[in-house]
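Text of the file target-v7.tsv, holding TSV, C-alpha atoms:
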```tsv
chain	number	residue	atom	x	y	z
A	1	MET	CA	20.92	25.71	-20.19
A	2	ILE	CA	19.93	26.18	-16.54
A	3	LYS	CA	23.53	26.70	-15.41
A	4	GLU	CA	23.83	29.62	-17.87
A	5	LEU	CA	20.89	31.45	-16.30
A	6	PRO	CA	21.41	34.10	-13.60
A	7	ILE	CA	21.31	32.45	-10.17
A	8	LEU	CA	18.02	34.13	-9.22
A	9	GLU	CA	16.36	32.61	-12.31
A	10	ARG	CA	17.40	29.02	-11.59
A	11	PRO	CA	14.52	26.96	-10.14
A	12	ARG	CA	16.48	25.36	-7.28
A	13	GLU	CA	18.04	28.63	-6.21
A	14	ARG	CA	14.67	30.43	-6.46
A	15	ALA	CA	13.08	27.73	-4.32
A	16	LEU	CA	15.70	28.27	-1.61
A	17	ILE	CA	15.49	32.03	-1.72
A	18	ASP	CA	11.80	32.73	-2.42
A	19	GLY	CA	10.20	29.49	-1.26
A	20	ILE	CA	9.02	26.47	-3.22
A	21	ASP	CA	5.46	27.82	-3.34
A	22	LYS	CA	6.62	30.78	-5.45
A	23	LEU	CA	7.77	28.60	-8.34
A	24	SER	CA	5.74	28.09	-11.50
A	25	THR	CA	4.57	24.60	-12.49
A	26	GLY	CA	7.22	24.57	-15.20
A	27	GLU	CA	9.95	25.39	-12.67
A	28	LEU	CA	8.73	22.64	-10.34
A	29	LEU	CA	8.89	20.17	-13.22
A	30	SER	CA	12.42	21.36	-14.02
A	31	ILE	CA	13.51	20.50	-10.49
A	32	ILE	CA	11.96	17.03	-10.77
A	33	ILE	CA	13.45	16.29	-14.19
A	34	ARG	CA	16.81	17.76	-13.11
A	35	CYS	CA	18.56	17.94	-16.49
A	36	GLY	CA	17.90	18.32	-20.17
A	37	THR	CA	19.51	16.74	-23.21
A	38	LYS	CA	22.15	17.83	-25.68
A	39	ASN	CA	19.54	19.63	-27.76
A	40	LYS	CA	16.94	20.61	-25.16
A	41	SER	CA	17.21	22.37	-21.84
A	42	VAL	CA	15.33	21.07	-18.84
A	43	LYS	CA	13.03	24.11	-19.16
A	44	ASP	CA	12.21	23.12	-22.74
A	45	LEU	CA	11.33	19.59	-21.62
A	46	SER	CA	9.17	20.94	-18.81
A	47	ASN	CA	7.28	23.22	-21.18
A	48	GLU	CA	6.67	20.30	-23.57
A	49	ILE	CA	5.20	18.28	-20.71
A	50	LEU	CA	2.85	21.15	-19.86
A	51	LEU	CA	1.69	21.24	-23.50
A	52	LEU	CA	0.42	17.66	-23.11
A	53	GLY	CA	-2.47	18.95	-21.02
A	54	ASN	CA	-3.62	18.62	-17.42
A	55	LEU	CA	-0.85	17.04	-15.35
A	56	LYS	CA	-3.24	14.78	-13.44
A	57	ASP	CA	-4.25	13.16	-16.74
A	58	LEU	CA	-0.70	12.46	-17.91
A	59	THR	CA	0.28	8.89	-18.68
A	60	TYR	CA	3.63	7.15	-18.88
A	61	ASN	CA	3.29	6.69	-22.66
A	62	LYS	CA	2.41	10.35	-23.19
A	63	LEU	CA	5.58	11.38	-21.41
A	64	LEU	CA	7.68	8.97	-23.46
A	65	SER	CA	6.33	10.63	-26.61
A	66	ILE	CA	8.51	13.66	-25.80
A	67	LYS	CA	11.98	13.37	-27.26
A	68	GLY	CA	14.36	13.69	-24.33
A	69	ILE	CA	12.03	12.11	-21.76
A	70	GLY	CA	13.17	8.55	-21.13
A	71	LYS	CA	11.85	5.83	-18.88
A	72	VAL	CA	13.53	7.17	-15.72
A	73	LYS	CA	12.30	10.75	-16.13
A	74	ALA	CA	8.80	9.54	-17.05
A	75	ILE	CA	8.58	7.33	-13.95
A	76	GLU	CA	9.82	10.16	-11.72
A	77	VAL	CA	7.15	12.54	-13.04
A	78	MET	CA	4.43	9.87	-12.72
A	79	ALA	CA	5.55	9.14	-9.15
A	80	ILE	CA	5.19	12.81	-8.19
A	81	ILE	CA	1.72	13.00	-9.77
A	82	GLU	CA	0.58	9.86	-7.94
A	83	LEU	CA	2.02	11.13	-4.64
A	84	SER	CA	0.16	14.40	-5.11
A	85	LYS	CA	-3.12	12.54	-5.67
A	86	ARG	CA	-2.60	10.52	-2.49
A	87	ILE	CA	-1.70	13.57	-0.41
A	88	ASN	CA	-4.79	15.41	-1.63
A	89	SER	CA	-6.91	12.37	-0.86
A	90	ASP	CA	-5.50	12.06	2.67
A	91	ILE	CA	-6.02	15.76	3.38
A	92	SER	CA	-9.64	15.80	2.27
A	93	ILE	CA	-10.79	12.39	3.50
A	94	SER	CA	-11.90	13.53	6.94
A	95	SER	CA	-14.17	16.20	5.46
A	96	ILE	CA	-16.14	13.87	3.19
A	97	LYS	CA	-19.71	13.24	4.31
A	98	ILE	CA	-21.72	10.76	2.29
A	99	LYS	CA	-25.37	11.63	1.70
A	100	ARG	CA	-26.03	9.86	-1.59
A	101	SER	CA	-24.38	7.64	-4.18
A	102	MET	CA	-23.31	10.64	-6.28
A	103	ASP	CA	-21.07	11.77	-3.38
A	104	ILE	CA	-19.15	8.52	-3.60
A	105	TYR	CA	-18.83	8.75	-7.36
A	106	ASN	CA	-17.65	12.36	-7.36
A	107	ASN	CA	-15.10	11.84	-4.58
A	108	TYR	CA	-13.63	8.51	-5.64
A	109	LYS	CA	-13.97	8.11	-9.41
A	110	TYR	CA	-10.36	9.31	-9.80
A	111	LEU	CA	-9.18	6.05	-8.22
A	112	PHE	CA	-10.16	4.21	-11.39
A	113	ASP	CA	-8.80	6.56	-14.03
A	114	ASN	CA	-7.07	4.63	-16.84
A	115	GLN	CA	-7.25	1.35	-14.92
A	116	LYS	CA	-7.21	-1.83	-17.03
A	117	GLN	CA	-7.87	-4.16	-14.11
A	118	GLU	CA	-10.74	-4.33	-11.67
A	119	LEU	CA	-9.99	-2.61	-8.37
A	120	PHE	CA	-12.15	-3.17	-5.31
A	121	TYR	CA	-12.18	-0.51	-2.59
A	122	CYS	CA	-14.10	-0.21	0.64
A	123	ILE	CA	-14.97	3.15	2.14
A	124	TYR	CA	-15.45	3.07	5.93
A	125	LEU	CA	-17.72	5.58	7.64
A	126	ASN	CA	-18.51	6.63	11.19
A	127	ASN	CA	-22.02	6.90	12.63
A	128	LYS	CA	-22.45	10.35	11.02
A	129	ASN	CA	-21.65	8.98	7.55
A	130	ILE	CA	-18.31	10.79	7.51
A	131	VAL	CA	-15.48	8.87	5.83
A	132	ILE	CA	-12.93	7.40	8.22
A	133	ASP	CA	-10.70	5.68	5.69
A	134	LYS	CA	-10.59	3.91	2.34
A	135	LYS	CA	-8.87	0.61	1.59
A	136	LEU	CA	-7.89	-1.00	-1.68
A	137	LEU	CA	-8.66	-4.61	-0.84
A	138	PHE	CA	-8.45	-6.49	-4.11
A	139	ILE	CA	-6.97	-6.19	-7.58
A	140	GLY	CA	-8.44	-8.53	-10.13
A	141	THR	CA	-8.14	-8.96	-13.87
A	142	ILE	CA	-10.12	-7.28	-16.60
A	143	ASN	CA	-12.69	-10.06	-16.30
A	144	LYS	CA	-12.77	-11.09	-12.67
A	145	SER	CA	-12.08	-9.80	-9.18
A	146	VAL	CA	-12.06	-12.22	-6.26
A	147	VAL	CA	-13.29	-10.59	-3.08
A	148	HIS	CA	-13.20	-12.12	0.40
A	149	PRO	CA	-15.84	-10.68	2.80
A	150	ARG	CA	-13.61	-11.37	5.81
A	151	GLU	CA	-11.15	-8.73	4.57
A	152	ILE	CA	-13.94	-6.20	4.15
A	153	PHE	CA	-15.16	-6.61	7.73
A	154	LYS	CA	-11.71	-6.98	9.27
A	155	TYR	CA	-10.94	-3.33	8.52
A	156	ALA	CA	-14.40	-2.29	9.66
A	157	TYR	CA	-13.57	-3.66	13.12
A	158	LEU	CA	-10.05	-2.21	13.15
A	159	LEU	CA	-11.42	1.24	12.26
A	160	SER	CA	-14.51	0.97	14.49
A	161	ALA	CA	-16.58	1.77	11.43
A	162	SER	CA	-20.35	2.10	11.57
A	163	GLY	CA	-20.93	1.54	7.87
A	164	ILE	CA	-19.25	0.34	4.69
A	165	ILE	CA	-19.56	1.34	1.06
A	166	CYS	CA	-17.95	-0.87	-1.58
A	167	ILE	CA	-16.70	0.44	-4.92
A	168	HIS	CA	-15.21	-1.32	-7.88
A	169	ASN	CA	-14.76	-0.59	-11.56
A	170	HIS	CA	-15.64	-2.28	-14.81
A	171	PRO	CA	-12.69	-1.56	-17.15
A	172	SER	CA	-15.00	-2.23	-20.11
A	173	GLY	CA	-16.91	0.93	-19.16
A	174	ASP	CA	-20.24	-0.92	-18.92
A	175	VAL	CA	-21.54	-0.53	-15.36
A	176	THR	CA	-24.25	-3.19	-15.64
A	177	PRO	CA	-23.74	-5.49	-12.62
A	178	SER	CA	-22.64	-9.02	-13.44
A	179	ARG	CA	-24.10	-12.11	-11.80
A	180	GLU	CA	-20.97	-12.26	-9.61
A	181	ASP	CA	-21.45	-8.59	-8.61
A	182	ILE	CA	-25.02	-9.31	-7.51
A	183	LYS	CA	-24.06	-12.45	-5.56
A	184	LEU	CA	-21.22	-10.65	-3.82
A	185	THR	CA	-23.43	-7.68	-2.89
A	186	GLN	CA	-26.13	-9.95	-1.49
A	187	ALA	CA	-23.52	-11.86	0.53
A	188	ILE	CA	-21.80	-8.86	2.11
A	189	ILE	CA	-25.11	-7.12	2.87
A	190	GLY	CA	-26.19	-10.27	4.73
A	191	ILE	CA	-22.93	-10.46	6.66
A	192	GLY	CA	-23.19	-6.76	7.51
A	193	GLU	CA	-26.65	-7.30	8.98
A	194	VAL	CA	-25.34	-10.13	11.16
A	195	GLN	CA	-22.27	-8.15	12.24
A	196	ASN	CA	-24.31	-4.97	12.81
A	197	ILE	CA	-22.06	-3.08	10.39
A	198	PRO	CA	-24.34	-2.30	7.44
A	199	VAL	CA	-23.09	-2.28	3.87
A	200	LEU	CA	-24.73	0.95	2.77
A	201	ASP	CA	-24.07	0.66	-0.94
A	202	HIS	CA	-22.00	-1.04	-3.61
A	203	ILE	CA	-21.06	1.17	-6.54
A	204	ILE	CA	-19.72	0.12	-9.93
A	205	ILE	CA	-17.79	2.77	-11.83
A	206	GLY	CA	-17.37	2.84	-15.61
A	207	ASN	CA	-16.78	5.43	-18.31
A	208	ASN	CA	-18.08	8.71	-16.84
A	209	THR	CA	-20.96	6.93	-15.15
A	210	TYR	CA	-21.77	4.60	-12.27
A	211	PHE	CA	-24.27	2.07	-10.96
A	212	SER	CA	-25.50	2.12	-7.36
A	213	PHE	CA	-27.10	-0.98	-5.82
A	214	LEU	CA	-28.76	1.28	-3.25
A	215	ASP	CA	-30.39	3.34	-5.98
A	216	ASN	CA	-31.39	0.18	-7.87
A	217	LYS	CA	-32.64	-2.09	-5.09
A	218	ASN	CA	-34.66	-4.17	-7.54
A	219	SER	CA	-31.43	-5.53	-9.01
A	220	LEU	CA	-30.73	-7.51	-5.82
```
As structure tokens, the full file:
Amino acid sequence: MIKELPILERPRERALIDGIDKLSTGELLSIIIRCGTKNKSVKDLSNEILLLGNLKDLTYNKLLSIKGIGKVKAIEVMAIIELSKRINSDISISSIKIKRSMDIYNNYKYLFDNQKQELFYCIYLNNKNIVIDKKLLFIGTINKSVVHPREIFKYAYLLSASGIICIHNHPSGDVTPSREDIKLTQAIIGIGEVQNIPVLDHIIIGNNTYFSFLDNKNSL
């Protein structure tokens, strides 16, 4: 058990003495989980979590598969992982410059990992095509996502954006644009022309692939 370890080997004490950045991933997990069970120490539980694979790919159900990890511990670990993703996104956002559709896909595909519903994001850019901000504007169902253009352009004005790129996912994995996708894209491109805030692209993300309306202009 942790309390039986020498003080300098206990994760919390090591963090205070040596600094949190000196701790291993297993020790960080031990601090988050806090305690073990009757038959497993918190270090054992942490090591079992690490054996599940890359932390960013962990799911709630995977964590529950470990004996000794209940709903509360699983949610706490998932919350830390999600917070880490958001912090990393916020740190890097100002350095993202969009030159082509692949840049959008590579930088934002993580937003749709393991999603069972359609999510609709807008990426707002300045006049140098550098990302200002991203907004999750709509959450739909697996079959339909209702998008209101006024929300898309409201944030463009608030952020003084010079361009917009829309992204949403197809949970089925098939990135072929639906009739609704085409109608929506045509509508927001038209509004962008009137408002002098161009919609530069609309990207659909699926299983390890994407569709770009800019790259496939004939589909409009």
Inset, instruction - Please measure the separation of CA of Asp181 (chain A) and CA of Asn196 (chain A), giving the value in Å to one decimal. - result: 21.9 Å
Legend entry - Gap from CA of His170 (chain A) to CA of Ile188 (chain A) - Å, one decimal: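 Straight-line distance from CA of His170 (chain A) to CA of Ile188 (chain A) works out to 19.2 Å.
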Within 10 Å of file point (-20.0, 0.4, 0.2), counting only C-alpha atoms, expressed as a PDB file with C-alpha atoms, in the coordinates of the input:
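Dumped everything to out_9.pdb:
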```
ATOM      1  CA  SER A 101     -24.380   7.640  -4.180  1.00  0.00           C
ATOM      2  CA  ILE A 104     -19.150   8.520  -3.600  1.00  0.00           C
ATOM      3  CA  TYR A 121     -12.180  -0.510  -2.590  1.00  0.00           C
ATOM      4  CA  CYS A 122     -14.100  -0.210   0.640  1.00  0.00           C
ATOM      5  CA  ILE A 123     -14.970   3.150   2.140  1.00  0.00           C
ATOM      6  CA  TYR A 124     -15.450   3.070   5.930  1.00  0.00           C
ATOM      7  CA  LEU A 125     -17.720   5.580   7.640  1.00  0.00           C
ATOM      8  CA  ILE A 152     -13.940  -6.200   4.150  1.00  0.00           C
ATOM      9  CA  GLY A 163     -20.930   1.540   7.870  1.00  0.00           C
ATOM     10  CA  ILE A 164     -19.250   0.340   4.690  1.00  0.00           C
ATOM     11  CA  ILE A 165     -19.560   1.340   1.060  1.00  0.00           C
ATOM     12  CA  CYS A 166     -17.950  -0.870  -1.580  1.00  0.00           C
ATOM     13  CA  ILE A 167     -16.700   0.440  -4.920  1.00  0.00           C
ATOM     14  CA  HIS A 168     -15.210  -1.320  -7.880  1.00  0.00           C
ATOM     15  CA  THR A 185     -23.430  -7.680  -2.890  1.00  0.00           C
ATOM     16  CA  ILE A 188     -21.800  -8.860   2.110  1.00  0.00           C
ATOM     17  CA  ILE A 189     -25.110  -7.120   2.870  1.00  0.00           C
ATOM     18  CA  PRO A 198     -24.340  -2.300   7.440  1.00  0.00           C
ATOM     19  CA  VAL A 199     -23.090  -2.280   3.870  1.00  0.00           C
ATOM     20  CA  LEU A 200     -24.730   0.950   2.770  1.00  0.00           C
ATOM     21  CA  ASP A 201     -24.070   0.660  -0.940  1.00  0.00           C
ATOM     22  CA  HIS A 202     -22.000  -1.040  -3.610  1.00  0.00           C
ATOM     23  CA  ILE A 203     -21.060   1.170  -6.540  1.00  0.00           C
ATOM     24  CA  SER A 212     -25.500   2.120  -7.360  1.00  0.00           C
ATOM     25  CA  PHE A 213     -27.100  -0.980  -5.820  1.00  0.00           C
ATOM     26  CA  LEU A 214     -28.760   1.280  -3.250  1.00  0.00           C
TER      27      LEU A 214
END
```
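Counting from CA of Asn61 (chain A), the distance to CA of Tyr210 (chain A) is 27.2 Å.
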Legend entry - Residues within 12 Å of Gly70 (chain A), only C-alpha atoms, excluding chain neighbours under 2 positions, as a PyMOL selection string: chain A and resi 33+35-37+45+60-68+72-77
Non-local contacts of Leu29 (chain A) (9 Å; only C-alpha atoms; under 6 positions in same chain excluded) as a compact mmCIF listing (two decimals) with C-alpha atoms, in the coordinates of the input:
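The new file part25.txt reads:
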```txt
# COMPACT_ATOMS: atom_id res chain seq x y z
CA VAL A 42 15.33 21.07 -18.84
CA LYS A 43 13.03 24.11 -19.16
CA LEU A 45 11.33 19.59 -21.62
CA SER A 46 9.17 20.94 -18.81
CA ASN A 47 7.28 23.22 -21.18
CA ILE A 49 5.20 18.28 -20.71
CA VAL A 77 7.15 12.54 -13.04
```
Inset, instruction - Pick out the closest residue to Ile132 (chain A) from this set: A:Lys97, A:Lys22, A:Arg86, A:Arg34. Count all atoms listed in the file. - result: A:Lys97
Inset, instruction - Find, counting only C-alpha atoms, the residue in A:Ser24, A:Asn126, A:Ile69, A:Ser84 that gets nearest to Tyr157 (chain A). - result: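 Using only C-alpha atoms, the shortest distance to Tyr157 (chain A) belongs to A:Asn126.
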Inset, instruction - Identify which of the residues A:Gly53, A:Pro11, A:Gly173, A:Gly190 lies closest to Asn114 (chain A), counting all atoms listed in the file when measuring atom-to-atom distances. - result: A:Gly173
Inset, instruction - Counting all atoms listed in the file, figure out which residue out of A:Asn169, A:Ser219, A:Ser160, A:Ser41 gets nearest to Leu111 (chain A). - result: A:Asn169
Once you add 3 Å to each side, what are the centre and edge lengths of the axis-aligned box holding all listed atoms of region 156-163 of chain A? One decimal in Å, as AutoDock Vina command-line options, if you can.
```
--center_x -15.5 --center_y -0.8 --center_z 11.2 --size_x 16.9 --size_y 11.8 --size_z 12.6
```
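Each of A:Gly19, A:Gly26, A:Gly206, A:Gly192 was compared to Pro149 (chain A) using only C-alpha atoms, and A:Gly192 turns out to be the nearest.
The residue that comes closest to Glu193 (chain A), out of A:Ser172, A:Ser162, A:Asn218, A:Ser178 and on the basis of all atoms listed in the file, is A:Ser162.
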Legend entry - Polymer residues at most 8 Å from (-18.5, -8.1, 10.5) by only C-alpha atoms, as a PyMOL selection string: chain A and resi 150+153-154+156-157+191-192+194-197
